[in-house]
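Undergrad: Would you mind keeping the following structure in view while I ask a few things?
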2 protein chains.
Amino acid sequence: MSSTHSASSAEDGPKAANMRSLSRALEVFAELQRAERPQRLSDLARTCGMSLPTTLRILRVLQDFGMVSQTDKTYRVGPAVLPAARSFLEYDPLVVAARPILQQVATQTARTASLYTRLGFERILVARVDGDSPLRYDLPLGKRLPLTVGAAGKILLASATAEELQQVAVAASTSGHEGAGFTADELRARLPLPGEDFAYSADERATGVLSVAVAVPNRTGRPSESIALTSPVETATEAELKASVPELRRAAGRLSELLMGSVY
Amino acid sequence: MSSTHSASSAEDGPKAANMRSLSRALEVFAELQRAERPQRLSDLARTCGMSLPTTLRILRVLQDFGMVSQTDKTYRVGPAVLPAARSFLEYDPLVVAARPILQQVATQTARTASLYTRLGFERILVARVDGDSPLRYDLPLGKRLPLTVGAAGKILLASATAEELQQVAVAASTSGHEGAGFTADELRARLPLPGEDFAYSADERATGVLSVAVAVPNRTGRPSESIALTSPVETATEAELKASVPELRRAAGRLSELLMGSVY
DNA sequence: TACTGCATTTCATAGAATGAAAGAGTATTG
DNA sequence: CAATACTCTTTCATTCTATGAAATGCAGTA
């Protein structure tokens, strides 16, 4: 009911009430991810709005597959997610294709290039190449960031309808990210203008960080991937960063072919 | 039916035929992970032994939650696995506790220390600290390795029943790892003797690599975690490596408290 | 144009998922 | 130490959902 996700409340235009148990299981799983500590059965049942027996049965199956671990009476995300993530990073055609492309942009511009994917009302970092140091220690792959803040987020909202922006604004206040309440209109004001195909951000997600981003077009009108260049304010001006937008566009175009073309 | 996992054929002693749709969904998901390229609907349906409509419905729900991505008519593991993996690595009490402990052992011994978790008939690397270089680039977290080869695998089988070893031997031949067919008896011969609490391996998983491992005891008699020290043959002899077993034992003991104690 | 293979929708039926309630186990409290 | 409160677990009858056969749609191919 109170999910951050798409399934229950909104965005499910053509969907039906199908696969209830599976949907519920995925809600339990999502809830475990949100939690920063192991959860008791009754907590999960209450949070997800389902009965104790149902929650227990779900957890047992998830546990059989390693998606959930149990110690004592508390449940948490299980080790099976690691091979899954590894599979995604190794074999996803978009991610695999993105790495050399990001590398090229990062080298050309001497900045950090990142690829984000939209998931629900958030975005996820799925690939990153640093301009100078080849790789960072705490590479925050998989980090969940808001759509409402940062160039890579805002460009994904550029094509959003008024209704969708409304949902985003609501989700932003519920979903415990940093900058809380704003109206849909206030949000729209920060987004790229209708003509622009890139977004710019300064000091939004983190102070002293500038970024520009473009969307990766897909077959639908709503892109769900974007690539961004980020730089500390010390080493770039707004104008310099925006001067790299053509490079970004070209990179996005190459990635876009993967999503458009019918053959891999 | 032909799953690498526990659910269907064996190991399900106290389980019932419950949560069929969820189990099937997880099989589809597991199958997508095994595949190195995007899968068509009909492939998945055939491989998992279910009808096309059912498979399609499952994929749609998984897609709603980002666990699966679709481009054109092919499906693959989706980006939602990344935050899940991140959650596991950041918040799992065992993994979090293990890192400083592994660090200490690695420093003391100047070798690589690793933590594995058993999952089905495989083991997964969930934490690793290198003796000298603080971190490696291709840190193979989440890598799936056989139980039958390598010290960290063999020690997890030390307490296995004859029946279980039989299953392992069968699974090993089906599950496409390197060294193929051996009987349960041949396997048993390579395992630690009944008295020993550690396993040793030389040139098993990779030539020129020595390793010792101990299990992390939990409440059941069957440990599902093990920690290992590995070293290139150039920088260690069998005797030297085995001399570090007491260190390993101590580390395992500290981790074991987490699994035993009723309070985190 | 007809054909072939795959994806998708429809629909009646079987069977699984569900929650109430009872039971068991454990911690908490007086 | 006994009584209490709490959470977990099992059972079971009912409901509703998950299921696959078959029909339909949709491309590519001959």
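Labels for the structure tokens follow display order: chains A, B, ..., residues from 1 in each chain, ligands from 1.
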Take chain B, superimpose it onto chain A by least squares using every C-alpha atom paired in sequence order, and output the result as a CSV table (one decimal) with C-alpha atoms, in the first residue's frame.
TA:
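As written to disk, result.csv reads:
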chain,number,residue,atom,x,y,z
B,1,MET,CA,0.2,0.0,0.3
B,2,SER,CA,2.7,2.6,1.3
B,3,SER,CA,5.3,1.4,-1.3
B,4,THR,CA,7.8,3.5,-3.0
B,5,HIS,CA,7.2,1.4,-6.0
B,6,SER,CA,4.9,1.4,-8.9
B,7,ALA,CA,2.8,-1.6,-8.2
B,8,SER,CA,0.0,-0.7,-5.9
B,9,SER,CA,-1.2,2.9,-5.8
B,10,ALA,CA,-0.4,4.6,-9.1
B,11,GLU,CA,1.3,4.3,-12.5
B,12,ASP,CA,-0.4,0.9,-13.1
B,13,GLY,CA,-2.4,1.9,-16.1
B,14,PRO,CA,-2.8,-1.4,-18.0
B,15,LYS,CA,-2.1,-3.7,-15.1
B,16,ALA,CA,-4.5,-6.0,-13.4
B,17,ALA,CA,-4.7,-7.6,-10.0
B,18,ASN,CA,-2.7,-10.5,-11.2
B,19,MET,CA,0.1,-12.4,-9.4
B,20,ARG,CA,-0.8,-11.2,-6.1
B,21,SER,CA,1.5,-13.4,-4.1
B,22,LEU,CA,4.4,-12.6,-6.3
B,23,SER,CA,3.8,-8.8,-6.0
B,24,ARG,CA,3.5,-9.1,-2.3
B,25,ALA,CA,6.7,-11.1,-2.1
B,26,LEU,CA,8.5,-8.4,-4.0
B,27,GLU,CA,7.1,-5.8,-1.6
B,28,VAL,CA,8.5,-7.7,1.3
B,29,PHE,CA,11.8,-8.0,-0.4
B,30,ALA,CA,11.8,-4.3,-1.2
B,31,GLU,CA,11.0,-3.5,2.4
B,32,LEU,CA,13.9,-5.6,3.6
B,33,GLN,CA,16.2,-3.6,1.3
B,34,ARG,CA,15.0,-0.3,2.7
B,35,ALA,CA,15.6,-1.5,6.3
B,36,GLU,CA,19.0,-0.9,7.6
B,37,ARG,CA,18.7,-3.7,10.1
B,38,PRO,CA,17.2,-7.2,10.3
B,39,GLN,CA,13.4,-7.2,10.5
B,40,ARG,CA,11.1,-9.3,12.6
B,41,LEU,CA,8.3,-11.1,11.0
B,42,SER,CA,5.6,-8.9,12.6
B,43,ASP,CA,7.4,-5.7,11.5
B,44,LEU,CA,7.4,-6.8,7.9
B,45,ALA,CA,3.8,-8.0,8.1
B,46,ARG,CA,2.7,-4.6,9.5
B,47,THR,CA,4.8,-2.5,7.2
B,48,CYS,CA,3.7,-4.4,4.1
B,49,GLY,CA,0.1,-4.6,5.2
B,50,MET,CA,-0.4,-8.4,5.1
B,51,SER,CA,-1.1,-11.1,7.6
B,52,LEU,CA,1.5,-12.9,9.6
B,53,PRO,CA,1.0,-16.3,8.0
B,54,THR,CA,1.3,-14.9,4.5
B,55,THR,CA,4.4,-12.9,5.3
B,56,LEU,CA,5.9,-16.0,6.9
B,57,ARG,CA,5.2,-18.2,3.9
B,58,ILE,CA,6.7,-15.6,1.5
B,59,LEU,CA,9.9,-15.3,3.6
B,60,ARG,CA,10.3,-19.0,3.7
B,61,VAL,CA,10.3,-19.3,-0.1
B,62,LEU,CA,12.5,-16.3,-0.5
B,63,GLN,CA,14.8,-17.9,2.0
B,64,ASP,CA,14.9,-21.2,0.0
B,65,PHE,CA,16.3,-19.2,-2.9
B,66,GLY,CA,18.8,-17.3,-0.8
B,67,MET,CA,17.1,-14.0,-1.4
B,68,VAL,CA,16.5,-13.7,2.3
B,69,SER,CA,18.5,-14.7,5.3
B,70,GLN,CA,17.3,-15.5,8.7
B,71,THR,CA,19.2,-15.5,12.0
B,72,ASP,CA,17.2,-16.1,15.1
B,73,LYS,CA,13.9,-14.5,14.4
B,74,THR,CA,15.1,-11.7,12.1
B,75,TYR,CA,15.2,-11.5,8.4
B,76,ARG,CA,17.4,-9.6,6.0
B,77,VAL,CA,18.4,-9.5,2.4
B,78,GLY,CA,20.2,-12.7,1.5
B,79,PRO,CA,23.4,-13.5,-0.4
B,80,ALA,CA,21.7,-14.5,-3.6
B,81,VAL,CA,21.4,-10.9,-4.6
B,82,LEU,CA,25.2,-10.8,-5.1
B,83,PRO,CA,25.3,-13.2,-8.1
B,84,ALA,CA,22.3,-11.4,-9.4
B,85,ALA,CA,24.0,-8.1,-9.3
B,86,ARG,CA,27.1,-9.6,-10.8
B,87,SER,CA,25.0,-11.0,-13.6
B,88,PHE,CA,23.5,-7.6,-14.3
B,89,LEU,CA,26.8,-5.8,-14.4
B,90,GLU,CA,28.5,-8.5,-16.5
B,91,TYR,CA,25.9,-9.3,-19.0
B,92,ASP,CA,23.4,-6.4,-19.3
B,93,PRO,CA,24.0,-5.2,-22.9
B,94,LEU,CA,23.4,-1.6,-22.0
B,95,VAL,CA,25.7,-1.6,-19.1
B,96,VAL,CA,28.4,-3.5,-21.0
B,97,ALA,CA,28.2,-1.2,-23.9
B,98,ALA,CA,28.1,1.9,-21.7
B,99,ARG,CA,31.4,1.3,-20.0
B,100,PRO,CA,33.7,2.0,-23.0
B,101,ILE,CA,31.5,4.8,-24.1
B,102,LEU,CA,31.6,6.4,-20.6
B,103,GLN,CA,35.3,5.8,-20.6
B,104,GLN,CA,35.8,7.7,-23.8
B,105,VAL,CA,33.7,10.7,-22.6
B,106,ALA,CA,35.4,10.7,-19.3
B,107,THR,CA,38.8,10.8,-20.9
B,108,GLN,CA,37.9,13.5,-23.4
B,109,THR,CA,36.4,15.7,-20.9
B,110,ALA,CA,38.6,14.8,-17.9
B,111,ARG,CA,35.5,14.5,-15.8
B,112,THR,CA,33.4,11.7,-14.2
B,113,ALA,CA,30.9,10.1,-16.5
B,114,SER,CA,27.9,8.1,-15.0
B,115,LEU,CA,25.0,6.1,-16.3
B,116,TYR,CA,21.7,6.1,-14.4
B,117,THR,CA,18.6,4.0,-14.8
B,118,ARG,CA,15.2,5.1,-13.6
B,119,LEU,CA,13.5,2.7,-11.1
B,120,GLY,CA,10.2,3.8,-9.8
B,121,PHE,CA,10.6,7.3,-8.5
B,122,GLU,CA,14.3,7.0,-8.1
B,123,ARG,CA,17.4,6.6,-10.2
B,124,ILE,CA,20.1,4.1,-9.8
B,125,LEU,CA,23.8,4.4,-10.6
B,126,VAL,CA,24.6,1.5,-12.9
B,127,ALA,CA,28.0,2.5,-14.3
B,128,ARG,CA,30.6,5.1,-13.6
B,129,VAL,CA,34.0,6.0,-15.0
B,130,ASP,CA,36.2,8.6,-13.3
B,131,GLY,CA,38.1,11.1,-15.3
B,132,ASP,CA,41.5,10.8,-13.7
B,133,SER,CA,41.7,7.9,-11.2
B,134,PRO,CA,40.7,4.8,-13.1
B,135,LEU,CA,38.5,3.5,-10.3
B,136,ARG,CA,37.4,4.6,-6.9
B,137,TYR,CA,37.2,2.5,-3.9
B,138,ASP,CA,33.7,3.2,-2.8
B,139,LEU,CA,32.2,3.1,-6.3
B,140,PRO,CA,28.6,3.6,-5.3
B,141,LEU,CA,27.1,1.3,-7.9
B,142,GLY,CA,23.5,0.6,-7.1
B,143,LYS,CA,23.1,3.7,-5.1
B,144,ARG,CA,19.5,5.0,-5.1
B,145,LEU,CA,19.2,8.7,-5.7
B,146,PRO,CA,16.2,11.0,-6.1
B,147,LEU,CA,14.9,12.0,-9.5
B,148,THR,CA,14.2,15.5,-8.3
B,149,VAL,CA,17.7,16.6,-7.7
B,150,GLY,CA,20.8,16.5,-9.8
B,151,ALA,CA,21.1,16.8,-13.6
B,152,ALA,CA,20.8,13.1,-14.3
B,153,GLY,CA,17.6,12.9,-12.4
B,154,LYS,CA,16.0,16.1,-13.7
B,155,ILE,CA,16.5,15.2,-17.3
B,156,LEU,CA,14.6,12.0,-16.7
B,157,LEU,CA,11.7,14.1,-15.6
B,158,ALA,CA,11.8,16.5,-18.5
B,159,SER,CA,9.3,14.6,-20.5
B,160,ALA,CA,7.0,13.9,-17.5
B,161,THR,CA,3.4,14.9,-17.6
B,162,ALA,CA,1.9,17.2,-15.0
B,163,GLU,CA,0.3,14.2,-13.4
B,164,GLU,CA,3.5,12.3,-13.1
B,165,LEU,CA,5.3,15.3,-11.6
B,166,GLN,CA,2.6,15.4,-9.0
B,167,GLN,CA,3.3,11.8,-8.1
B,168,VAL,CA,7.0,12.5,-8.0
B,169,ALA,CA,6.5,15.4,-5.7
B,170,VAL,CA,4.4,13.2,-3.4
B,171,ALA,CA,6.8,10.3,-3.5
B,172,ALA,CA,9.7,12.7,-2.7
B,173,SER,CA,8.1,13.7,0.6
B,174,THR,CA,7.3,10.2,1.6
B,175,SER,CA,10.4,8.4,0.4
B,176,GLY,CA,12.8,9.9,3.0
B,177,HIS,CA,15.4,11.5,0.7
B,178,GLU,CA,17.0,14.7,1.7
B,179,GLY,CA,15.3,17.9,0.3
B,180,ALA,CA,11.7,17.3,1.3
B,181,GLY,CA,8.5,19.1,0.3
B,182,PHE,CA,8.0,20.9,-2.9
B,183,THR,CA,5.0,21.3,-5.2
B,184,ALA,CA,4.9,19.9,-8.7
B,185,ASP,CA,5.2,23.5,-10.0
B,186,GLU,CA,8.3,24.2,-8.0
B,187,LEU,CA,9.8,21.1,-9.3
B,188,ARG,CA,8.9,21.9,-12.9
B,189,ALA,CA,10.6,25.2,-12.5
B,190,ARG,CA,13.9,23.5,-11.9
B,191,LEU,CA,13.6,21.1,-14.8
B,192,PRO,CA,15.0,21.8,-18.3
B,193,LEU,CA,12.9,24.0,-20.5
B,194,PRO,CA,10.8,22.3,-23.2
B,195,GLY,CA,13.3,23.0,-25.9
B,196,GLU,CA,16.4,21.8,-24.0
B,197,ASP,CA,17.7,18.3,-24.2
B,198,PHE,CA,20.0,18.5,-21.3
B,199,ALA,CA,19.8,19.3,-17.6
B,200,TYR,CA,22.2,21.3,-15.4
B,201,SER,CA,22.7,21.1,-11.7
B,202,ALA,CA,24.8,23.0,-9.3
B,203,ASP,CA,25.0,22.3,-5.6
B,204,GLU,CA,21.8,20.3,-5.7
B,205,ARG,CA,22.8,16.8,-4.6
B,206,ALA,CA,26.0,17.9,-3.0
B,207,THR,CA,27.5,21.3,-2.5
B,208,GLY,CA,30.4,22.1,-4.7
B,209,VAL,CA,29.3,19.6,-7.4
B,210,LEU,CA,28.3,20.7,-10.9
B,211,SER,CA,26.7,18.3,-13.4
B,212,VAL,CA,25.2,18.1,-16.8
B,213,ALA,CA,23.1,15.2,-18.1
B,214,VAL,CA,21.3,14.1,-21.2
B,215,ALA,CA,18.7,11.4,-21.6
B,216,VAL,CA,19.2,8.2,-23.6
B,217,PRO,CA,16.3,8.0,-25.9
B,218,ASN,CA,14.4,4.7,-26.1
B,219,ARG,CA,11.4,3.6,-28.1
B,220,THR,CA,8.9,5.1,-25.7
B,221,GLY,CA,8.7,8.8,-25.2
B,222,ARG,CA,9.9,8.4,-21.6
B,223,PRO,CA,13.6,7.7,-21.4
B,224,SER,CA,14.6,5.7,-18.4
B,225,GLU,CA,18.4,6.1,-18.7
B,226,SER,CA,20.6,9.2,-18.5
B,227,ILE,CA,24.2,9.9,-18.6
B,228,ALA,CA,25.9,12.7,-16.7
B,229,LEU,CA,29.2,14.5,-16.4
B,230,THR,CA,30.0,15.7,-12.9
B,231,SER,CA,32.8,17.9,-11.6
B,232,PRO,CA,33.8,19.7,-8.5
B,233,VAL,CA,33.2,23.3,-8.7
B,234,GLU,CA,36.9,24.0,-8.4
B,235,THR,CA,37.7,22.4,-11.7
B,236,ALA,CA,34.8,23.5,-13.9
B,237,THR,CA,32.5,26.4,-14.6
B,238,GLU,CA,29.0,26.1,-15.7
B,239,ALA,CA,29.9,27.2,-19.2
B,240,GLU,CA,32.7,24.7,-19.4
B,241,LEU,CA,30.5,21.9,-18.3
B,242,LYS,CA,27.8,22.8,-20.7
B,243,ALA,CA,30.4,22.9,-23.5
B,244,SER,CA,30.7,19.2,-23.1
B,245,VAL,CA,27.0,18.6,-23.8
B,246,PRO,CA,27.7,17.7,-27.4
B,247,GLU,CA,30.0,14.9,-26.3
B,248,LEU,CA,27.4,13.6,-24.0
B,249,ARG,CA,24.8,13.8,-26.7
B,250,ARG,CA,27.0,11.7,-29.0
B,251,ALA,CA,27.5,9.1,-26.2
B,252,ALA,CA,23.8,9.0,-25.5
B,253,GLY,CA,23.1,8.5,-29.2
B,254,ARG,CA,25.4,5.5,-29.4
B,255,LEU,CA,23.7,3.9,-26.4
B,256,SER,CA,20.4,4.8,-27.7
B,257,GLU,CA,21.0,2.6,-30.7
B,258,LEU,CA,21.0,-0.4,-28.4
B,259,LEU,CA,17.6,0.5,-27.1
B,260,MET,CA,16.1,1.3,-30.5
B,261,GLY,CA,17.6,-1.3,-32.8
B,262,SER,CA,15.8,-4.6,-32.9
B,263,VAL,CA,18.9,-6.7,-33.0
B,264,TYR,CA,21.7,-6.8,-30.5
Undergrad: What does the distance from atom C1' of DT14 of chain D to atom C1' of DA17 of chain C come to in Å, to one decimal?
TA: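 Straight-line distance from atom C1' of DT14 of chain D to atom C1' of DA17 of chain C works out to 10.9 Å.
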Undergrad: Find the residues around segment 21-26 of chain D up to 9 Å (only C-alpha atoms (C1' of nucleotides) counted), leave out those fewer than 5 positions away in its own chain, and share them as a list of chain:residue names.
TA: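 Returned residues: C:DC6, C:DA7, C:DT8, C:DT9, C:DT10.
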Undergrad: Could you write those residues out with C-alpha atoms (C1' of nucleotides), as an mmCIF file, in the first residue's frame?
TA:
data_model
loop_
_atom_site.group_PDB
_atom_site.id
_atom_site.type_symbol
_atom_site.label_atom_id
_atom_site.label_comp_id
_atom_site.auth_asym_id
_atom_site.auth_seq_id
_atom_site.Cartn_x
_atom_site.Cartn_y
_atom_site.Cartn_z
ATOM 1 C "C1'" DC C 6 6.416 -16.468 -31.318
ATOM 2 C "C1'" DA C 7 3.883 -13.312 -28.273
ATOM 3 C "C1'" DT C 8 -0.428 -12.120 -26.228
ATOM 4 C "C1'" DT C 9 -5.255 -12.357 -24.717
ATOM 5 C "C1'" DT C 10 -9.304 -14.848 -23.189
#
Undergrad: Give me, as an NGL selection string, the residues of segment 23-219 of chain B that a backbone DSSP run labels strand (DSSP E or B).
TA: :B and (39-40 or 68-71 or 74-77 or 112-119 or 122-129 or 144-146 or 198-202 or 209-216)
